[in-house]
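Text of input-v7.txt (compact mmCIF, C-alpha atoms) as supplied:
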```txt
# COMPACT_ATOMS: atom_id res chain seq x y z
CA MET A 1 80.39 379.57 1.70
CA ALA A 2 76.64 379.72 1.20
CA THR A 3 74.47 380.34 4.26
CA ILE A 4 70.98 379.18 5.14
CA GLY A 5 69.86 382.79 4.70
CA GLN A 6 70.90 382.64 1.05
CA VAL A 7 69.04 379.36 0.57
CA LEU A 8 65.89 380.89 2.04
CA ARG A 9 66.18 383.91 -0.23
CA VAL A 10 66.15 381.60 -3.26
CA LYS A 11 63.28 379.39 -2.17
CA GLY A 12 61.20 382.08 -0.50
CA PRO A 13 60.28 382.26 3.15
CA ASP A 14 56.84 380.67 3.02
CA VAL A 15 56.12 378.06 5.62
CA ILE A 16 52.81 376.36 6.23
CA VAL A 17 51.91 376.64 9.90
CA ALA A 18 49.21 374.95 11.96
CA SER A 19 48.40 374.66 15.66
CA PRO A 20 48.73 371.47 17.73
CA GLY A 21 44.99 371.00 18.15
CA GLU A 22 44.22 370.96 14.43
CA THR A 23 43.41 367.62 12.85
CA VAL A 24 45.68 365.78 10.46
CA LEU A 25 42.98 366.21 7.83
CA ALA A 26 42.97 370.00 8.22
CA ALA A 27 46.77 370.09 7.96
CA SER A 28 46.68 367.79 4.93
CA LYS A 29 44.37 370.24 3.18
CA LEU A 30 46.79 373.11 3.89
CA MET A 31 49.72 371.08 2.54
CA ALA A 32 47.82 370.01 -0.58
CA GLU A 33 46.69 373.58 -1.35
CA ALA A 34 50.25 374.89 -1.00
CA ASN A 35 51.69 371.84 -2.80
CA VAL A 36 54.23 371.21 -0.04
CA GLY A 37 55.14 368.10 1.90
CA SER A 38 55.26 369.41 5.45
CA VAL A 39 53.70 371.74 8.00
CA ILE A 40 55.26 373.34 11.06
CA ILE A 41 53.25 373.16 14.26
CA LYS A 42 53.35 376.29 16.41
CA ASP A 43 51.70 377.04 19.73
CA GLY A 44 51.67 380.82 19.84
CA GLU A 45 55.22 381.74 18.85
CA ALA A 46 56.78 378.48 20.00
CA VAL A 47 57.71 375.88 17.39
CA LYS A 48 56.35 372.59 18.71
CA GLY A 49 56.85 370.08 15.91
CA ILE A 50 56.70 369.18 12.25
CA PHE A 51 54.28 366.95 10.35
CA THR A 52 55.26 365.58 6.94
CA GLU A 53 53.81 363.44 4.16
CA ARG A 54 55.89 360.59 5.53
CA ASP A 55 54.23 360.99 8.94
CA LEU A 56 50.82 360.93 7.25
CA LEU A 57 51.79 357.69 5.52
CA THR A 58 53.42 355.86 8.42
CA ARG A 59 51.65 357.14 11.54
CA VAL A 60 48.13 357.69 10.26
CA ILE A 61 47.17 355.83 7.09
CA VAL A 62 49.13 352.61 7.50
CA VAL A 63 47.91 352.09 11.05
CA GLY A 64 44.31 352.75 10.11
CA LYS A 65 43.77 356.01 11.94
CA ASP A 66 41.19 358.50 10.69
CA PRO A 67 42.90 361.76 9.59
CA ALA A 68 39.82 363.69 10.75
CA ALA A 69 40.00 362.16 14.23
CA VAL A 70 43.67 362.63 15.18
CA THR A 71 45.45 365.89 15.96
CA LEU A 72 48.82 367.19 14.92
CA ALA A 73 49.92 367.15 18.56
CA GLU A 74 49.47 363.37 18.56
CA MET A 75 51.08 362.68 15.18
CA MET A 76 53.83 365.27 14.74
CA SER A 77 57.57 364.76 15.10
CA ALA A 78 59.11 366.74 17.93
CA PRO A 79 61.31 368.52 18.67
CA VAL A 80 62.03 370.12 15.30
CA ARG A 81 65.70 370.47 14.44
CA ILE A 82 66.51 374.13 13.98
CA CYS A 83 69.22 376.22 12.39
CA ARG A 84 69.95 379.94 11.99
CA LEU A 85 70.26 382.29 9.03
CA ASP A 86 74.04 382.51 9.38
CA ASP A 87 74.63 378.76 9.54
CA ASN A 88 76.56 377.47 6.60
CA VAL A 89 74.83 375.12 4.22
CA HIS A 90 77.40 372.33 4.47
CA SER A 91 77.08 371.96 8.23
CA VAL A 92 73.27 371.91 8.06
CA PHE A 93 73.41 369.37 5.24
CA ASN A 94 75.70 367.13 7.29
CA MET A 95 73.35 367.38 10.28
CA MET A 96 70.36 366.39 8.12
CA VAL A 97 72.16 363.38 6.66
CA SER A 98 73.58 362.17 9.98
CA GLN A 99 70.22 362.53 11.76
CA HIS A 100 68.15 361.21 8.84
CA ILE A 101 65.90 364.27 8.71
CA SER A 102 64.50 365.96 5.64
CA HIS A 103 63.56 369.40 7.01
CA VAL A 104 65.11 371.97 9.36
CA ALA A 105 63.33 375.03 10.74
CA VAL A 106 65.11 378.36 10.51
CA VAL A 107 64.67 380.27 13.77
CA GLU A 108 65.99 383.70 14.75
CA GLY A 109 65.31 385.37 18.10
CA GLY A 110 62.80 382.68 18.95
CA ALA A 111 60.76 383.36 15.80
CA LEU A 112 60.24 380.92 12.95
CA ILE A 113 61.72 382.47 9.79
CA GLY A 114 61.44 379.61 7.34
CA LEU A 115 61.78 375.92 6.62
CA VAL A 116 64.59 374.39 4.61
CA GLY A 117 64.32 370.96 2.99
CA LEU A 118 67.02 368.61 1.79
CA ARG A 119 66.09 369.48 -1.78
CA ASP A 120 66.66 373.19 -1.16
CA ILE A 121 70.03 372.45 0.40
CA LEU A 122 71.15 370.22 -2.45
CA SER A 123 70.08 372.82 -5.01
CA ALA A 124 72.08 375.47 -3.18
CA GLU A 125 75.16 373.26 -2.91
CA LEU A 126 74.89 372.41 -6.58
CA GLN A 127 74.59 376.06 -7.55
CA GLU A 128 77.61 376.93 -5.45
CA ALA A 129 79.68 374.19 -7.08
CA ALA A 130 78.56 375.35 -10.55
CA ASP A 131 79.47 378.96 -9.73
CA LYS A 132 82.88 377.86 -8.52
CA LEU A 133 83.48 375.88 -11.68
CA LYS A 134 82.68 378.99 -13.72
CA GLU A 135 85.55 380.79 -12.01
CA TYR A 136 87.89 378.16 -13.44
CA GLU A 137 86.21 377.93 -16.83
CA PRO A 138 85.04 381.45 -17.63
CA ASP A 139 84.10 380.48 -21.20
CA ALA A 140 82.38 377.18 -20.35
CA MET B 1 79.21 363.12 -17.86
CA ALA B 2 77.41 360.96 -15.30
CA THR B 3 74.74 358.60 -16.57
CA ILE B 4 71.53 357.35 -14.98
CA GLY B 5 73.21 353.93 -14.71
CA GLN B 6 75.83 355.42 -12.41
CA VAL B 7 73.15 357.08 -10.29
CA LEU B 8 71.34 353.75 -9.93
CA ARG B 9 74.55 352.01 -8.92
CA VAL B 10 74.97 354.46 -6.05
CA LYS B 11 71.39 354.36 -4.78
CA GLY B 12 70.77 350.66 -5.44
CA PRO B 13 68.22 349.22 -7.83
CA ASP B 14 65.36 348.55 -5.41
CA VAL B 15 61.93 349.67 -6.50
CA ILE B 16 58.68 348.99 -4.71
CA VAL B 17 56.20 347.48 -7.13
CA ALA B 18 52.45 346.86 -6.86
CA SER B 19 49.68 345.85 -9.26
CA PRO B 20 46.87 348.16 -10.45
CA GLY B 21 44.16 346.31 -8.52
CA GLU B 22 45.83 346.69 -5.11
CA THR B 23 44.35 349.22 -2.73
CA VAL B 24 46.02 352.47 -1.79
CA LEU B 25 46.18 351.14 1.77
CA ALA B 26 48.13 348.04 0.68
CA ALA B 27 50.56 350.18 -1.31
CA SER B 28 50.93 352.59 1.61
CA LYS B 29 51.99 349.70 3.82
CA LEU B 30 54.63 348.64 1.28
CA MET B 31 55.97 352.19 1.07
CA ALA B 32 56.04 352.62 4.84
CA GLU B 33 57.85 349.30 5.37
CA ALA B 34 60.49 350.21 2.79
CA ASN B 35 60.61 353.83 4.00
CA VAL B 36 60.18 355.19 0.49
CA GLY B 37 57.81 357.79 -0.93
CA SER B 38 56.59 356.09 -4.08
CA VAL B 39 55.54 352.81 -5.67
CA ILE B 40 55.61 351.77 -9.32
CA ILE B 41 52.47 350.09 -10.64
CA LYS B 42 53.09 347.21 -13.03
CA ASP B 43 50.64 344.97 -14.87
CA GLY B 44 52.71 341.92 -15.71
CA GLU B 45 55.90 343.43 -17.16
CA ALA B 46 54.28 346.66 -18.31
CA VAL B 47 54.83 349.81 -16.24
CA LYS B 48 51.41 351.39 -15.84
CA GLY B 49 51.88 354.25 -13.41
CA ILE B 50 53.39 355.66 -10.24
CA PHE B 51 51.79 356.46 -6.89
CA THR B 52 53.54 358.82 -4.47
CA GLU B 53 53.07 360.27 -1.00
CA ARG B 54 51.86 363.46 -2.70
CA ASP B 55 49.17 361.47 -4.53
CA LEU B 56 48.11 359.93 -1.20
CA LEU B 57 47.83 363.41 0.26
CA THR B 58 46.08 365.21 -2.59
CA ARG B 59 43.97 362.53 -4.30
CA VAL B 60 42.95 360.36 -1.38
CA ILE B 61 43.15 361.95 2.07
CA VAL B 62 42.22 365.54 1.29
CA VAL B 63 39.17 364.52 -0.71
CA GLY B 64 37.98 362.13 1.96
CA LYS B 65 38.47 358.85 0.15
CA ASP B 66 39.09 355.65 2.11
CA PRO B 67 42.59 354.26 1.32
CA ALA B 68 41.22 350.74 1.79
CA ALA B 69 38.44 351.33 -0.75
CA VAL B 70 40.32 352.84 -3.71
CA THR B 71 42.77 351.09 -6.02
CA LEU B 72 46.10 352.20 -7.40
CA ALA B 73 44.62 352.09 -10.92
CA GLU B 74 42.21 354.85 -9.87
CA MET B 75 44.70 357.03 -7.98
CA MET B 76 48.05 356.61 -9.75
CA SER B 77 49.74 359.08 -12.10
CA ALA B 78 50.15 357.76 -15.63
CA PRO B 79 52.00 357.45 -17.84
CA VAL B 80 55.28 357.29 -15.92
CA ARG B 81 58.10 359.26 -17.44
CA ILE B 82 60.95 356.91 -18.30
CA CYS B 83 64.64 357.13 -19.04
CA ARG B 84 67.42 354.67 -19.94
CA LEU B 85 70.65 353.62 -18.25
CA ASP B 86 72.78 355.51 -20.79
CA ASP B 87 70.87 358.79 -20.48
CA ASN B 88 72.95 361.56 -19.03
CA VAL B 89 71.98 362.97 -15.68
CA HIS B 90 71.72 366.59 -16.82
CA SER B 91 69.14 365.88 -19.51
CA VAL B 92 67.01 363.79 -17.14
CA PHE B 93 67.27 366.50 -14.48
CA ASN B 94 66.12 369.13 -16.98
CA MET B 95 63.18 366.95 -17.99
CA MET B 96 62.13 366.51 -14.36
CA VAL B 97 62.29 370.23 -13.64
CA SER B 98 60.50 371.29 -16.83
CA GLN B 99 57.73 368.71 -16.35
CA HIS B 100 57.46 369.20 -12.58
CA ILE B 101 57.98 365.53 -11.79
CA SER B 102 59.92 364.05 -8.91
CA HIS B 103 60.55 360.49 -10.14
CA VAL B 104 61.57 358.83 -13.41
CA ALA B 105 61.47 355.08 -14.08
CA VAL B 106 64.56 353.50 -15.61
CA VAL B 107 63.49 351.03 -18.31
CA GLU B 108 65.67 348.84 -20.57
CA GLY B 109 64.30 346.43 -23.15
CA GLY B 110 60.80 346.95 -21.80
CA ALA B 111 61.82 345.92 -18.28
CA LEU B 112 61.77 348.18 -15.23
CA ILE B 113 65.33 348.46 -13.92
CA GLY B 114 64.95 351.09 -11.24
CA LEU B 115 63.46 354.37 -10.11
CA VAL B 116 65.37 357.63 -9.86
CA GLY B 117 64.19 360.54 -7.74
CA LEU B 118 65.11 364.20 -7.88
CA ARG B 119 67.14 363.75 -4.73
CA ASP B 120 69.25 360.99 -6.30
CA ILE B 121 69.86 363.16 -9.35
CA LEU B 122 70.87 366.18 -7.30
CA SER B 123 73.24 364.07 -5.21
CA ALA B 124 74.87 362.72 -8.36
CA GLU B 125 75.20 366.17 -9.92
CA LEU B 126 76.69 367.49 -6.72
CA GLN B 127 79.19 364.63 -6.54
CA GLU B 128 80.21 365.23 -10.14
CA ALA B 129 80.76 368.93 -9.49
CA ALA B 130 82.81 368.12 -6.38
CA ASP B 131 84.94 365.62 -8.31
CA LYS B 132 85.53 368.16 -11.04
CA LEU B 133 86.58 370.76 -8.52
CA LYS B 134 89.11 368.30 -7.11
CA GLU B 135 90.80 368.14 -10.50
CA TYR B 136 91.45 371.87 -10.22
CA GLU B 137 92.34 371.83 -6.54
CA PRO B 138 94.21 368.57 -5.98
CA ASP B 139 95.27 369.64 -2.49
CA ALA B 140 91.90 371.05 -1.39
```
Could you take the file, read its structure, and then write that structure out as structure tokens?
Amino acid sequence: MATIGQVLRVKGPDVIVASPGETVLAASKLMAEANVGSVIIKDGEAVKGIFTERDLLTRVIVVGKDPAAVTLAEMMSAPVRICRLDDNVHSVFNMMVSQHISHVAVVEGGALIGLVGLRDILSAELQEAADKLKEYEPDA
Amino acid sequence: MATIGQVLRVKGPDVIVASPGETVLAASKLMAEANVGSVIIKDGEAVKGIFTERDLLTRVIVVGKDPAAVTLAEMMSAPVRICRLDDNVHSVFNMMVSQHISHVAVVEGGALIGLVGLRDILSAELQEAADKLKEYEPDA
């Protein structure tokens, strides 16, 4: 059974991090530079929230707010759902689907280790299924 | 081998559509209402482009453009990659990965039938692998 730790090893541990007082515009620039769709908001070591492209769309742009005039603290989703390195991928996947969330923070000993998206999880599940099939069809 | 038609049947055929002259703000409202991350731009029956949350982030917000003052024609990605109902899921998946795209329009006889995202494809591939495993492990 694949774990979240294995998923993180495949995708790499990089997470974009910003502080609650930063503007949505500043965070958007970080996300665009890194070509990712979300940023984790930390206050010191504490994980405070997450801000995604969907939040930018629905909470800022559509309601006519100025991205340079609103902060992440005002616009982020909180709390962030978390999981641990040893959690198995299936249970985290089920949590994401049942709670309609697209990202889960990986936290160990109070420290943010990484961020796992639905796409990462699906890729891992797919790879696991493919590997299992190979056991049955060694020449496939 | 699963086809794109089967994927569409699972996810439903709904696509958000807008015309090239509409503003990014108008399209953003459509996307937010439908809770989707992309809109297809059509001029009459012709598919002209696609505009996604990532385009909103990187081409509009980060560069300081006003979503109410720019049109989809200016900000969309074009041309849209297309596929057909009979295409098999693996080949479309490989195309998306190799071309770094997240959405493919499904077109038949010149008409837009649907829109398939990477997430839909991965779900379908995963389901197929799970079904295949069941053939080997009927009691699992």
**Item:** At most 6 Å to chain A: residues in chain B, all atoms listed in the file, as a list of chain:residue names
**Value:**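 Contact residues on the first chain: B:Lys29, B:Ala32, B:Thr58, B:Val62, B:Leu126, B:Ala129.
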**Prompt:** So how many Å separate CA of Val17 in chain A and CA of Asp87 in chain A, to one decimal?
**Reply:**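 These two atoms are separated by 22.8 Å.
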**Asked** So what do you get for CA of Val39 in chain B versus CA of Phe51 in chain B, distance-wise?
**Response**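 About the pair CA of Val39 in chain B and CA of Phe51 in chain B: they are 5.4 Å apart.
Pairwise distance (CA of Gly5 in chain B, CA of Met96 in chain B) equals 16.8 Å.
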**Message:** At a cut-off of 10 Å around the point (63.6, 348.0, -5.6) (file coordinates), what residues fall inside when counting only C-alpha atoms? I'd like the answer as an NGL selection string.
**Reply:** :B and (12-17 or 34 or 39-40 or 112-115)
**Asked** Closest to Leu72 in chain B among B:Asp43, B:Asp131, B:Asp120, B:Glu22, using all atoms listed in the file?
**Response**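 Looking at the shortest contact to Leu72 in chain B, the residue is B:Glu22.
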Quick one: range 64-77 of chain A from the block, all heavy atoms, as a PDB file, in the first residue's frame.
```pdb
ATOM      1  N   GLY A  64     -14.979  41.335  -7.551  1.00  0.00           N
ATOM      2  CA  GLY A  64     -14.468  42.671  -7.831  1.00  0.00           C
ATOM      3  C   GLY A  64     -13.463  43.221  -6.832  1.00  0.00           C
ATOM      4  O   GLY A  64     -13.267  44.437  -6.752  1.00  0.00           O
ATOM      5  N   LYS A  65     -12.826  42.338  -6.075  1.00  0.00           N
ATOM      6  CA  LYS A  65     -11.801  42.831  -5.155  1.00  0.00           C
ATOM      7  C   LYS A  65     -10.487  43.032  -5.906  1.00  0.00           C
ATOM      8  O   LYS A  65     -10.203  42.360  -6.893  1.00  0.00           O
ATOM      9  CB  LYS A  65     -11.603  41.834  -4.005  1.00  0.00           C
ATOM     10  CG  LYS A  65     -12.802  41.731  -3.072  1.00  0.00           C
ATOM     11  CD  LYS A  65     -12.451  40.905  -1.847  1.00  0.00           C
ATOM     12  CE  LYS A  65     -13.681  40.491  -1.050  1.00  0.00           C
ATOM     13  NZ  LYS A  65     -14.431  41.616  -0.476  1.00  0.00           N
ATOM     14  N   ASP A  66      -9.663  43.928  -5.396  1.00  0.00           N
ATOM     15  CA  ASP A  66      -8.361  44.222  -5.983  1.00  0.00           C
ATOM     16  C   ASP A  66      -7.312  43.299  -5.351  1.00  0.00           C
ATOM     17  O   ASP A  66      -7.080  43.375  -4.135  1.00  0.00           O
ATOM     18  CB  ASP A  66      -8.016  45.690  -5.710  1.00  0.00           C
ATOM     19  CG  ASP A  66      -6.631  46.065  -6.237  1.00  0.00           C
ATOM     20  OD1 ASP A  66      -5.909  45.194  -6.762  1.00  0.00           O
ATOM     21  OD2 ASP A  66      -6.272  47.253  -6.109  1.00  0.00           O
ATOM     22  N   PRO A  67      -6.667  42.435  -6.157  1.00  0.00           N
ATOM     23  CA  PRO A  67      -5.690  41.480  -5.599  1.00  0.00           C
ATOM     24  C   PRO A  67      -4.557  42.169  -4.829  1.00  0.00           C
ATOM     25  O   PRO A  67      -3.949  41.558  -3.956  1.00  0.00           O
ATOM     26  CB  PRO A  67      -5.141  40.766  -6.837  1.00  0.00           C
ATOM     27  CG  PRO A  67      -6.199  40.933  -7.876  1.00  0.00           C
ATOM     28  CD  PRO A  67      -6.854  42.262  -7.605  1.00  0.00           C
ATOM     29  N   ALA A  68      -4.286  43.434  -5.153  1.00  0.00           N
ATOM     30  CA  ALA A  68      -3.217  44.152  -4.465  1.00  0.00           C
ATOM     31  C   ALA A  68      -3.686  44.744  -3.141  1.00  0.00           C
ATOM     32  O   ALA A  68      -2.873  45.230  -2.348  1.00  0.00           O
ATOM     33  CB  ALA A  68      -2.675  45.268  -5.363  1.00  0.00           C
ATOM     34  N   ALA A  69      -4.990  44.680  -2.905  1.00  0.00           N
ATOM     35  CA  ALA A  69      -5.550  45.359  -1.723  1.00  0.00           C
ATOM     36  C   ALA A  69      -6.108  44.392  -0.684  1.00  0.00           C
ATOM     37  O   ALA A  69      -6.569  44.825   0.373  1.00  0.00           O
ATOM     38  CB  ALA A  69      -6.642  46.333  -2.153  1.00  0.00           C
ATOM     39  N   VAL A  70      -6.095  43.091  -0.980  1.00  0.00           N
ATOM     40  CA  VAL A  70      -6.588  42.114   0.001  1.00  0.00           C
ATOM     41  C   VAL A  70      -5.464  41.162   0.384  1.00  0.00           C
ATOM     42  O   VAL A  70      -4.591  40.859  -0.435  1.00  0.00           O
ATOM     43  CB  VAL A  70      -7.809  41.322  -0.520  1.00  0.00           C
ATOM     44  CG1 VAL A  70      -9.040  42.208  -0.544  1.00  0.00           C
ATOM     45  CG2 VAL A  70      -7.546  40.718  -1.890  1.00  0.00           C
ATOM     46  N   THR A  71      -5.490  40.708   1.641  1.00  0.00           N
ATOM     47  CA  THR A  71      -4.425  39.841   2.132  1.00  0.00           C
ATOM     48  C   THR A  71      -4.843  38.369   2.085  1.00  0.00           C
ATOM     49  O   THR A  71      -6.033  38.040   1.998  1.00  0.00           O
ATOM     50  CB  THR A  71      -4.071  40.175   3.590  1.00  0.00           C
ATOM     51  OG1 THR A  71      -5.209  39.877   4.406  1.00  0.00           O
ATOM     52  CG2 THR A  71      -3.694  41.637   3.753  1.00  0.00           C
ATOM     53  N   LEU A  72      -3.838  37.526   2.185  1.00  0.00           N
ATOM     54  CA  LEU A  72      -4.100  36.087   2.228  1.00  0.00           C
ATOM     55  C   LEU A  72      -4.926  35.728   3.460  1.00  0.00           C
ATOM     56  O   LEU A  72      -5.787  34.853   3.392  1.00  0.00           O
ATOM     57  CB  LEU A  72      -2.774  35.318   2.225  1.00  0.00           C
ATOM     58  CG  LEU A  72      -2.002  35.429   0.906  1.00  0.00           C
ATOM     59  CD1 LEU A  72      -0.619  34.800   1.064  1.00  0.00           C
ATOM     60  CD2 LEU A  72      -2.760  34.763  -0.223  1.00  0.00           C
ATOM     61  N   ALA A  73      -4.674  36.394   4.572  1.00  0.00           N
ATOM     62  CA  ALA A  73      -5.435  36.107   5.796  1.00  0.00           C
ATOM     63  C   ALA A  73      -6.937  36.277   5.572  1.00  0.00           C
ATOM     64  O   ALA A  73      -7.744  35.529   6.115  1.00  0.00           O
ATOM     65  CB  ALA A  73      -4.967  37.019   6.930  1.00  0.00           C
ATOM     66  N   GLU A  74      -7.298  37.255   4.734  1.00  0.00           N
ATOM     67  CA  GLU A  74      -8.718  37.506   4.458  1.00  0.00           C
ATOM     68  C   GLU A  74      -9.312  36.508   3.468  1.00  0.00           C
ATOM     69  O   GLU A  74     -10.509  36.238   3.500  1.00  0.00           O
ATOM     70  CB  GLU A  74      -8.900  38.916   3.873  1.00  0.00           C
ATOM     71  CG  GLU A  74      -8.485  40.054   4.782  1.00  0.00           C
ATOM     72  CD  GLU A  74      -8.447  41.384   4.013  1.00  0.00           C
ATOM     73  OE1 GLU A  74      -7.420  41.689   3.371  1.00  0.00           O
ATOM     74  OE2 GLU A  74      -9.472  42.089   4.051  1.00  0.00           O
ATOM     75  N   MET A  75      -8.500  36.007   2.550  1.00  0.00           N
ATOM     76  CA  MET A  75      -9.018  35.253   1.405  1.00  0.00           C
ATOM     77  C   MET A  75      -8.712  33.759   1.425  1.00  0.00           C
ATOM     78  O   MET A  75      -9.227  33.009   0.615  1.00  0.00           O
ATOM     79  CB  MET A  75      -8.438  35.840   0.103  1.00  0.00           C
ATOM     80  CG  MET A  75      -8.889  37.266  -0.162  1.00  0.00           C
ATOM     81  SD  MET A  75     -10.675  37.353  -0.428  1.00  0.00           S
ATOM     82  CE  MET A  75     -11.059  38.897   0.420  1.00  0.00           C
ATOM     83  N   MET A  76      -7.878  33.322   2.367  1.00  0.00           N
ATOM     84  CA  MET A  76      -7.469  31.915   2.363  1.00  0.00           C
ATOM     85  C   MET A  76      -8.574  30.999   2.893  1.00  0.00           C
ATOM     86  O   MET A  76      -9.539  31.448   3.508  1.00  0.00           O
ATOM     87  CB  MET A  76      -6.208  31.739   3.217  1.00  0.00           C
ATOM     88  CG  MET A  76      -6.447  31.937   4.701  1.00  0.00           C
ATOM     89  SD  MET A  76      -4.869  31.967   5.621  1.00  0.00           S
ATOM     90  CE  MET A  76      -5.497  32.067   7.311  1.00  0.00           C
ATOM     91  N   SER A  77      -8.414  29.713   2.622  1.00  0.00           N
ATOM     92  CA  SER A  77      -9.266  28.692   3.235  1.00  0.00           C
ATOM     93  C   SER A  77      -8.558  28.157   4.474  1.00  0.00           C
ATOM     94  O   SER A  77      -7.366  27.857   4.431  1.00  0.00           O
ATOM     95  CB  SER A  77      -9.511  27.532   2.258  1.00  0.00           C
ATOM     96  OG  SER A  77     -10.171  27.985   1.109  1.00  0.00           O
TER      97      SER A  77
END
```
